[in-house]
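**Q** Have a peek at run-v1.txt (compact mmCIF, C-alpha atoms (C1' of nucleotides)).
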# COMPACT_ATOMS: atom_id res chain seq x y z
CA MET Q 1 -125.11 -90.05 -140.05
CA LYS Q 2 -121.55 -91.25 -139.89
CA ASN Q 3 -121.73 -92.18 -143.52
CA GLU Q 4 -123.00 -88.75 -144.47
CA GLU Q 5 -120.19 -87.12 -142.60
CA ARG Q 6 -117.63 -89.22 -144.36
CA LEU Q 7 -119.12 -88.52 -147.74
CA ASP Q 8 -119.15 -84.84 -146.96
CA LYS Q 9 -115.55 -84.89 -145.95
CA GLY Q 10 -114.53 -86.60 -149.16
CA GLU Q 11 -116.70 -84.30 -151.20
CA CYS Q 12 -115.22 -81.34 -149.44
CA LYS Q 13 -111.73 -82.20 -150.61
CA LEU Q 14 -113.03 -82.81 -154.10
CA ARG Q 15 -114.43 -79.30 -154.11
CA ILE Q 16 -111.19 -77.81 -152.92
CA LEU Q 17 -108.85 -79.43 -155.43
CA PRO Q 18 -110.08 -77.77 -158.64
CA VAL Q 19 -110.06 -74.40 -156.93
CA GLN Q 20 -106.47 -74.94 -155.90
CA ASP Q 21 -105.67 -75.84 -159.49
CA ALA Q 22 -107.20 -72.57 -160.64
CA LEU Q 23 -105.38 -70.60 -157.96
CA GLU Q 24 -102.07 -72.05 -159.07
CA ILE Q 25 -102.55 -70.54 -162.51
CA LEU Q 26 -103.99 -67.22 -161.36
CA ASN Q 27 -101.98 -66.56 -158.22
CA GLY Q 28 -100.24 -63.30 -157.42
CA LYS Q 29 -101.31 -59.69 -157.54
CA TRP Q 30 -101.08 -59.15 -161.26
CA LYS Q 31 -102.33 -62.02 -163.43
CA LEU Q 32 -106.02 -61.28 -163.19
CA PRO Q 33 -105.62 -57.52 -163.64
CA ILE Q 34 -103.54 -58.17 -166.75
CA ILE Q 35 -106.12 -60.58 -168.07
CA ILE Q 36 -108.88 -58.05 -167.53
CA ALA Q 37 -106.93 -55.48 -169.50
CA LEU Q 38 -106.53 -57.94 -172.36
CA LEU Q 39 -110.17 -58.93 -172.27
CA HIS Q 40 -110.81 -55.33 -173.26
CA GLY Q 41 -108.97 -55.87 -176.52
CA VAL Q 42 -105.61 -56.46 -178.09
CA LYS Q 43 -102.94 -54.53 -176.25
CA ARG Q 44 -99.29 -53.70 -176.52
CA PHE Q 45 -96.82 -53.96 -173.68
CA SER Q 46 -96.85 -50.29 -172.80
CA GLU Q 47 -100.63 -50.12 -172.98
CA ILE Q 48 -101.03 -52.90 -170.46
CA SER Q 49 -98.40 -51.26 -168.31
CA ARG Q 50 -100.46 -48.06 -168.28
CA GLU Q 51 -103.76 -49.73 -167.55
CA VAL Q 52 -102.58 -52.07 -164.84
CA THR Q 53 -101.64 -49.38 -162.39
CA GLY Q 54 -98.57 -49.96 -160.29
CA ILE Q 55 -97.07 -52.92 -162.10
CA THR Q 56 -93.39 -52.79 -163.00
CA ASP Q 57 -91.99 -53.75 -166.39
CA ARG Q 58 -90.26 -56.69 -164.84
CA MET Q 59 -93.41 -58.13 -163.34
CA LEU Q 60 -95.47 -57.46 -166.43
CA SER Q 61 -92.91 -59.24 -168.55
CA LYS Q 62 -92.78 -62.21 -166.22
CA GLU Q 63 -96.53 -62.52 -165.77
CA LEU Q 64 -97.18 -62.31 -169.50
CA ARG Q 65 -94.72 -65.13 -170.02
CA ASP Q 66 -96.51 -67.23 -167.41
CA LEU Q 67 -99.89 -66.54 -168.97
CA GLU Q 68 -98.53 -67.40 -172.40
CA MET Q 69 -97.12 -70.67 -171.14
CA ASN Q 70 -100.54 -71.55 -169.79
CA HIS Q 71 -102.12 -70.82 -173.15
CA LEU Q 72 -104.20 -67.97 -171.80
CA VAL Q 73 -102.48 -65.20 -173.74
CA LYS Q 74 -100.98 -65.08 -177.22
CA ARG Q 75 -97.95 -62.96 -178.08
CA THR Q 76 -97.51 -61.72 -181.62
CA VAL Q 77 -94.39 -59.97 -182.88
CA TYR Q 78 -94.52 -57.70 -185.91
CA ASP Q 79 -91.37 -57.08 -187.84
CA THR Q 80 -91.44 -53.32 -187.79
CA PHE Q 81 -88.86 -50.91 -186.48
CA PRO Q 82 -88.89 -50.60 -183.62
CA VAL Q 83 -90.46 -54.01 -183.18
CA THR Q 84 -94.16 -54.12 -182.32
CA VAL Q 85 -95.58 -56.74 -179.98
CA GLU Q 86 -99.24 -57.43 -179.43
CA TYR Q 87 -100.86 -59.44 -176.70
CA THR Q 88 -104.21 -61.11 -177.19
CA MET Q 89 -106.38 -63.37 -175.10
CA THR Q 90 -106.62 -66.85 -176.51
CA GLU Q 91 -109.99 -68.47 -176.89
CA TYR Q 92 -109.12 -70.47 -173.85
CA GLY Q 93 -108.21 -67.36 -171.93
CA GLU Q 94 -111.67 -66.01 -172.63
CA THR Q 95 -113.13 -68.83 -170.58
CA LEU Q 96 -111.94 -66.90 -167.53
CA LYS Q 97 -114.67 -64.34 -168.06
CA ASP Q 98 -116.96 -66.03 -165.57
CA VAL Q 99 -114.31 -66.14 -162.86
CA ILE Q 100 -113.52 -62.50 -163.39
CA GLY Q 101 -117.18 -61.59 -163.50
CA ALA Q 102 -117.78 -63.24 -160.15
CA LEU Q 103 -114.76 -61.57 -158.58
CA TYR Q 104 -115.80 -58.24 -160.02
CA ASP Q 105 -119.31 -58.51 -158.60
CA TRP Q 106 -118.07 -59.56 -155.20
CA GLY Q 107 -115.36 -56.92 -155.09
CA SER Q 108 -117.75 -54.15 -156.07
CA ASN Q 109 -120.21 -55.18 -153.45
CA HIS Q 110 -117.47 -55.48 -150.85
CA ARG Q 111 -116.72 -51.74 -150.81
CA LYS Q 112 -120.25 -50.94 -149.71
CA LYS Q 113 -120.09 -53.63 -147.06
CA ILE Q 114 -116.87 -52.36 -145.54
CA PHE Q 115 -118.51 -49.00 -145.23
CA ASN Q 116 -121.41 -50.51 -143.30
CA PHE Q 117 -119.13 -52.56 -141.07
CA GLU Q 118 -117.17 -49.46 -140.17
CA LYS Q 119 -120.32 -47.62 -139.24
CA GLU Q 120 -121.40 -50.49 -137.02
CA GLU Q 121 -118.05 -50.57 -135.30
CA GLU Q 122 -118.26 -46.86 -134.65
CA LYS Q 123 -121.58 -47.43 -132.92
CA VAL Q 124 -120.14 -50.18 -130.75
CA ASN Q 125 -117.17 -48.04 -129.76
CA SER Q 126 -119.28 -45.07 -128.76
CA MET A 1 -112.49 -43.23 -182.29
CA LYS A 2 -110.15 -41.45 -179.94
CA ASN A 3 -113.01 -40.88 -177.58
CA GLU A 4 -113.94 -44.54 -177.62
CA GLU A 5 -110.38 -45.54 -176.87
CA ARG A 6 -110.24 -43.20 -173.92
CA LEU A 7 -113.48 -44.45 -172.53
CA ASP A 8 -112.28 -47.98 -172.89
CA LYS A 9 -109.08 -47.21 -171.08
CA GLY A 10 -110.94 -45.63 -168.19
CA GLU A 11 -113.47 -48.44 -168.13
CA CYS A 12 -110.68 -50.95 -168.12
CA LYS A 13 -109.25 -49.56 -164.90
CA LEU A 14 -112.71 -49.48 -163.39
CA ARG A 15 -113.04 -53.17 -164.11
CA ILE A 16 -109.72 -53.96 -162.56
CA LEU A 17 -110.16 -52.16 -159.26
CA PRO A 18 -112.97 -54.25 -157.74
CA VAL A 19 -111.14 -57.42 -158.68
CA GLN A 20 -108.04 -56.16 -156.92
CA ASP A 21 -110.18 -55.42 -153.89
CA ALA A 22 -111.44 -58.97 -153.91
CA LEU A 23 -107.96 -60.39 -154.38
CA GLU A 24 -106.72 -58.45 -151.39
CA ILE A 25 -109.20 -60.26 -149.17
CA LEU A 26 -108.78 -63.67 -150.75
CA ASN A 27 -105.05 -63.71 -151.48
CA GLY A 28 -102.73 -66.54 -150.57
CA LYS A 29 -102.90 -70.28 -150.97
CA TRP A 30 -105.27 -71.06 -148.17
CA LYS A 31 -108.17 -68.66 -147.72
CA LEU A 32 -110.41 -70.03 -150.44
CA PRO A 33 -109.77 -73.67 -149.54
CA ILE A 34 -110.64 -72.88 -145.93
CA ILE A 35 -113.78 -71.08 -147.00
CA ILE A 36 -114.84 -74.02 -149.13
CA ALA A 37 -114.43 -76.34 -146.17
CA LEU A 38 -116.60 -74.06 -144.05
CA LEU A 39 -119.22 -73.73 -146.75
CA HIS A 40 -119.71 -77.45 -146.21
CA GLY A 41 -120.85 -76.84 -142.65
CA VAL A 42 -119.72 -75.76 -139.24
CA LYS A 43 -116.25 -77.03 -138.51
CA ARG A 44 -113.76 -77.17 -135.67
CA PHE A 45 -110.11 -76.28 -135.99
CA SER A 46 -108.87 -79.80 -136.36
CA GLU A 47 -111.56 -80.69 -138.86
CA ILE A 48 -110.57 -77.84 -141.14
CA SER A 49 -106.96 -78.83 -140.69
CA ARG A 50 -107.76 -82.32 -141.91
CA GLU A 51 -109.84 -81.25 -144.87
CA VAL A 52 -107.54 -78.56 -146.15
CA THR A 53 -104.68 -80.83 -147.04
CA GLY A 54 -101.20 -79.55 -146.39
CA ILE A 55 -101.97 -76.50 -144.29
CA THR A 56 -100.03 -76.02 -141.06
CA ASP A 57 -101.64 -75.08 -137.76
CA ARG A 58 -99.88 -71.76 -137.84
CA MET A 59 -101.26 -70.83 -141.24
CA LEU A 60 -104.73 -72.09 -140.45
CA SER A 61 -104.78 -70.04 -137.28
CA LYS A 62 -103.61 -66.92 -139.06
CA GLU A 63 -105.91 -67.26 -142.03
CA LEU A 64 -108.93 -67.87 -139.84
CA ARG A 65 -108.12 -64.69 -137.95
CA ASP A 66 -107.90 -62.77 -141.23
CA LEU A 67 -111.20 -64.17 -142.44
CA GLU A 68 -112.83 -63.33 -139.14
CA MET A 69 -111.54 -59.77 -139.29
CA ASN A 70 -113.11 -59.45 -142.71
CA HIS A 71 -116.43 -60.70 -141.38
CA LEU A 72 -116.40 -63.76 -143.58
CA VAL A 73 -116.09 -66.30 -140.77
CA LYS A 74 -117.48 -66.40 -137.26
CA ARG A 75 -115.59 -67.97 -134.36
CA THR A 76 -117.54 -69.36 -131.43
CA VAL A 77 -115.95 -70.61 -128.22
CA TYR A 78 -117.76 -73.08 -125.99
CA ASP A 79 -116.83 -73.25 -122.35
CA THR A 80 -116.17 -76.97 -122.17
CA PHE A 81 -113.04 -78.76 -121.12
CA PRO A 82 -111.00 -78.83 -123.13
CA VAL A 83 -112.37 -75.77 -124.80
CA THR A 84 -114.34 -76.26 -128.01
CA VAL A 85 -114.15 -73.79 -130.87
CA GLU A 86 -116.43 -73.74 -133.87
CA TYR A 87 -116.00 -71.87 -137.11
CA THR A 88 -118.96 -70.88 -139.25
CA MET A 89 -119.39 -68.91 -142.42
CA THR A 90 -121.19 -65.66 -141.85
CA GLU A 91 -124.06 -64.70 -144.09
CA TYR A 92 -121.68 -62.35 -145.77
CA GLY A 93 -119.15 -65.11 -146.26
CA GLU A 94 -121.77 -67.12 -148.08
CA THR A 95 -121.84 -64.45 -150.77
CA LEU A 96 -118.54 -65.91 -151.95
CA LYS A 97 -120.32 -68.95 -153.31
CA ASP A 98 -120.46 -67.52 -156.82
CA VAL A 99 -116.76 -66.74 -156.86
CA ILE A 100 -115.92 -70.20 -155.66
CA GLY A 101 -118.35 -71.78 -158.09
CA ALA A 102 -116.71 -70.01 -161.00
CA LEU A 103 -113.23 -70.98 -159.86
CA TYR A 104 -114.36 -74.55 -159.33
CA ASP A 105 -115.80 -74.80 -162.82
CA TRP A 106 -112.75 -73.29 -164.43
CA GLY A 107 -110.34 -75.38 -162.40
CA SER A 108 -112.18 -78.60 -163.18
CA ASN A 109 -112.21 -77.84 -166.84
CA HIS A 110 -108.56 -76.87 -166.79
CA ARG A 111 -107.35 -80.38 -165.99
CA LYS A 112 -108.87 -81.71 -169.18
CA LYS A 113 -107.37 -78.86 -171.15
CA ILE A 114 -103.85 -79.43 -169.87
CA PHE A 115 -104.20 -83.00 -170.97
CA ASN A 116 -105.12 -81.90 -174.49
CA PHE A 117 -102.34 -79.33 -174.65
CA GLU A 118 -99.82 -81.96 -173.67
CA LYS A 119 -101.05 -84.30 -176.37
CA GLU A 120 -100.75 -81.53 -178.97
CA GLU A 121 -97.22 -80.77 -177.88
CA GLU A 122 -96.30 -84.42 -178.18
CA LYS A 123 -97.50 -84.36 -181.79
CA VAL A 124 -95.45 -81.27 -182.56
CA ASN A 125 -92.34 -82.82 -181.06
CA SER A 126 -92.63 -86.02 -183.04
C1' DC O 1 -108.17 -79.62 -128.53
C1' DA O 2 -106.91 -75.19 -130.29
C1' DG O 3 -103.82 -72.79 -131.00
C1' DG O 4 -99.35 -69.20 -129.64
C1' DA O 5 -94.24 -68.40 -129.90
C1' DT O 6 -90.12 -68.74 -132.35
C1' DC O 7 -87.04 -69.38 -135.96
C1' DC O 8 -86.09 -70.01 -140.74
C1' DT O 9 -86.44 -70.31 -145.94
C1' DT O 10 -88.02 -69.07 -150.20
C1' DG O 11 -89.88 -66.49 -153.63
C1' DA O 12 -92.94 -62.64 -154.92
C1' DG O 13 -92.32 -58.41 -156.03
C1' DG O 14 -89.95 -53.63 -156.20
C1' DA O 15 -86.06 -50.32 -157.87
C1' DT O 16 -82.85 -49.11 -161.03
C1' DA O 17 -80.13 -49.34 -164.98
C1' DC O 18 -79.34 -50.93 -169.50
C1' DT O 19 -80.25 -52.71 -174.69
C1' DG O 20 -81.65 -53.97 -179.67
C1' DC J 1 -90.84 -49.73 -177.86
C1' DA J 2 -90.45 -53.87 -175.39
C1' DG J 3 -88.31 -55.69 -172.76
C1' DT J 4 -83.65 -58.05 -169.87
C1' DA J 5 -80.30 -57.98 -166.03
C1' DT J 6 -79.18 -57.18 -161.34
C1' DC J 7 -79.77 -56.34 -156.85
C1' DC J 8 -82.61 -55.99 -152.91
C1' DT J 9 -86.54 -56.27 -149.48
C1' DC J 10 -90.09 -58.05 -147.23
C1' DA J 11 -93.70 -61.02 -146.20
C1' DA J 12 -95.85 -65.55 -147.12
C1' DG J 13 -95.40 -69.67 -145.62
C1' DG J 14 -93.09 -73.86 -143.35
C1' DA J 15 -91.02 -76.47 -139.22
C1' DT J 16 -90.78 -77.21 -134.55
C1' DC J 17 -91.81 -76.82 -129.89
C1' DC J 18 -94.80 -75.33 -126.24
C1' DT J 19 -99.32 -74.45 -123.42
C1' DG J 20 -104.03 -73.64 -121.09
Can you turn what I pasted into structure tokens?
**A**
Amino acid sequence: MKNEERLDKGECKLRILPVQDALEILNGKWKLPIIIALLHGVKRFSEISREVTGITDRMLSKELRDLEMNHLVKRTVYDTFPVTVEYTMTEYGETLKDVIGALYDWGSNHRKKIFNFEKEEEKVNS
Amino acid sequence: MKNEERLDKGECKLRILPVQDALEILNGKWKLPIIIALLHGVKRFSEISREVTGITDRMLSKELRDLEMNHLVKRTVYDTFPVTVEYTMTEYGETLKDVIGALYDWGSNHRKKIFNFEKEEEKVNS
DNA sequence: CAGGATCCTTGAGGATACTG
DNA sequence: CAGTATCCTCAAGGATCCTG
């Protein structure tokens, strides 16, 4: 029994570490929303800005740079006037689909749940 | 074509919203690590503290309160001396397994990838 | 043991204005 | 259009000490 507990404790940390690695790349309010927008196709700066509601230009600029540095997003500049810039998910960025899918499913389901919880609490308080 | 673009834009926002809902519950450095620890079994305060490396008592206390408020974690007090407190995942909290699984897979894989990226960059710089 | 209270630092993120 | 520059705020998070 003691051995099992020890193993479990070690295994527990081993389970946490990769998740922390992932969180370090995806942290903040905006990275995942931006990624979702780009998973829906090549986008320009202003398009992302419109689709990720509430984000400021400054944050969008900064987050895109972060994502590019982590090889999740590719930035392509076209020599037009005025200059055109396109953002694309890299192949590697596409591997985030599963993460986003899971978060999407859970988040969707969560709305219903909150509703139920609130009803229960009303009962208790009446 | 214009219609398709519009639909896609609307659909894009619809995809982002649930993820933002999820992020609002799970934000910060510590919530997911704590949840992972608890998915490995009932734990007491000090046990979580040991397994989630680096967290302070203050943060652990606060995050557990948040998670409890969101019905993800249950707190049980036993009338011993000194008092014993146990934290358990709720059934609802267990529904996060898929999210955590996806993040775990991606995070694990990411380490290998960084290694490759770094090797490529070495080549370029030589 | 299981935290609460207090104080402090840092950085995420917002607002606004400006530029090639 | 696609950002950069600047300034500012607030809250996440850390450090330390204290208690039933």
**Q** Check the smallest atom-to-atom distance from each of A:Glu24, A:Asp66, A:Glu86, A:Glu121 to chain O using all atoms listed in the file, then report the winner.
**A** A:Glu86
**Q** Given only C-alpha atoms, how would the per-residue table for chain A near chain Q read, listing every residue at most 7 Å away with its closest atom pair and distance in Å to one decimal, sorted by chain and number, as JSON lines?
**A**
{"residue": "A:Lys9", "atom": "CA", "partner": "Q:Glu51", "partner_atom": "CA", "distance": 6.9}
{"residue": "A:Cys12", "atom": "CA", "partner": "Q:Ala37", "partner_atom": "CA", "distance": 6.0}
{"residue": "A:Lys13", "atom": "CA", "partner": "Q:Glu51", "partner_atom": "CA", "distance": 6.1}
{"residue": "A:Ile16", "atom": "CA", "partner": "Q:Pro33", "partner_atom": "CA", "distance": 5.5}
{"residue": "A:Pro18", "atom": "CA", "partner": "Q:Gly107", "partner_atom": "CA", "distance": 4.5}
{"residue": "A:Val19", "atom": "CA", "partner": "Q:Tyr104", "partner_atom": "CA", "distance": 4.9}
{"residue": "A:Asp21", "atom": "CA", "partner": "Q:Gly107", "partner_atom": "CA", "distance": 5.5}
{"residue": "A:Ala22", "atom": "CA", "partner": "Q:Gly107", "partner_atom": "CA", "distance": 4.6}
{"residue": "A:Pro33", "atom": "CA", "partner": "Q:Ile16", "partner_atom": "CA", "distance": 5.5}
{"residue": "A:Ile36", "atom": "CA", "partner": "Q:Ile16", "partner_atom": "CA", "distance": 6.5}
{"residue": "A:Ala37", "atom": "CA", "partner": "Q:Cys12", "partner_atom": "CA", "distance": 6.0}
{"residue": "A:His40", "atom": "CA", "partner": "Q:Cys12", "partner_atom": "CA", "distance": 6.8}
{"residue": "A:Glu51", "atom": "CA", "partner": "Q:Lys13", "partner_atom": "CA", "distance": 6.1}
{"residue": "A:Asp98", "atom": "CA", "partner": "Q:Ala102", "partner_atom": "CA", "distance": 6.0}
{"residue": "A:Val99", "atom": "CA", "partner": "Q:Ala102", "partner_atom": "CA", "distance": 4.9}
{"residue": "A:Ala102", "atom": "CA", "partner": "Q:Val99", "partner_atom": "CA", "distance": 4.9}
{"residue": "A:Leu103", "atom": "CA", "partner": "Q:Val19", "partner_atom": "CA", "distance": 5.5}
{"residue": "A:Tyr104", "atom": "CA", "partner": "Q:Val19", "partner_atom": "CA", "distance": 4.9}
{"residue": "A:Trp106", "atom": "CA", "partner": "Q:Ala22", "partner_atom": "CA", "distance": 6.8}
{"residue": "A:Gly107", "atom": "CA", "partner": "Q:Pro18", "partner_atom": "CA", "distance": 4.5}
{"residue": "A:Ser108", "atom": "CA", "partner": "Q:Pro18", "partner_atom": "CA", "distance": 5.1}
**Q** In Å, how far is it from CA of Glu68 in chain Q to C1' of DG13 in chain O?
**A**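 Taking CA of Glu68 in chain Q as the start and C1' of DG13 in chain O as the end point, the length is 19.7 Å.
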**Q** How close does each residue of chain O get to chain A, giving the shortest atom pair and distance in Å to one decimal for every residue with an atom at most 12 Å away, counting all atoms listed in the file, sorted by chain and residue number, as a Markdown table?
**A**
| residue | atom | partner | partner_atom | distance |
| --- | --- | --- | --- | --- |
| O:DC1 | C1' | A:Pro82 | CA | 6.1 |
| O:DA2 | C1' | A:Phe45 | CA | 6.6 |
| O:DG3 | C1' | A:Ser61 | CA | 6.9 |
| O:DG4 | C1' | A:Arg58 | CA | 8.6 |
| O:DA5 | C1' | A:Arg58 | CA | 10.3 |
| O:DT6 | C1' | A:Arg58 | CA | 11.6 |
| O:DA12 | C1' | A:Gly28 | CA | 11.4 |
**Q** Could I get the residues of chain J with an atom no further than 12 Å from an atom of chain A, each paired with its nearest atom pair and that distance in Å to one decimal, using only C-alpha atoms (C1' of nucleotides), sorted by chain and residue number, as a tab-separated table?
**A**
residue	atom	partner	partner_atom	distance
J:DA11	C1'	A:Gly28	CA	11.5
J:DA12	C1'	A:Gly28	CA	7.8
J:DG13	C1'	A:Met59	CA	7.4
J:DG14	C1'	A:Thr56	CA	7.6
J:DA15	C1'	A:Thr56	CA	9.2
J:DT16	C1'	A:Arg58	CA	11.1
J:DG20	C1'	A:Pro82	CA	8.9
**Q** Set the distance at 12 Å and use all atoms listed in the file: which residues neighbour DT6 in chain J once local chain neighbours fewer than 3 positions away are removed? I'd like the list as number ranges by chain.
**A** Q: 58; O: 15-18
**Q** Could you jot down the CA of Glu63 in chain Q to C1' of DT9 in chain O separation for me, Å, one decimal place?
**A** 23.6 Å
**Q** At what distance in Å, to one decimal, does CA of Thr88 in chain A lie from CA of Val42 in chain A?
**A** 4.9 Å
**Q** Let me know the centre plus edge lengths, in Å and rounded to one decimal, of a box with edges along x, y and z that contains all listed atoms of range 4-14 of chain O and is padded by 3 Å on every side, as JSON.
**A**
{"center_x": -92.7, "center_y": -62.0, "center_z": -142.9, "size_x": 19.3, "size_y": 22.7, "size_z": 32.6}
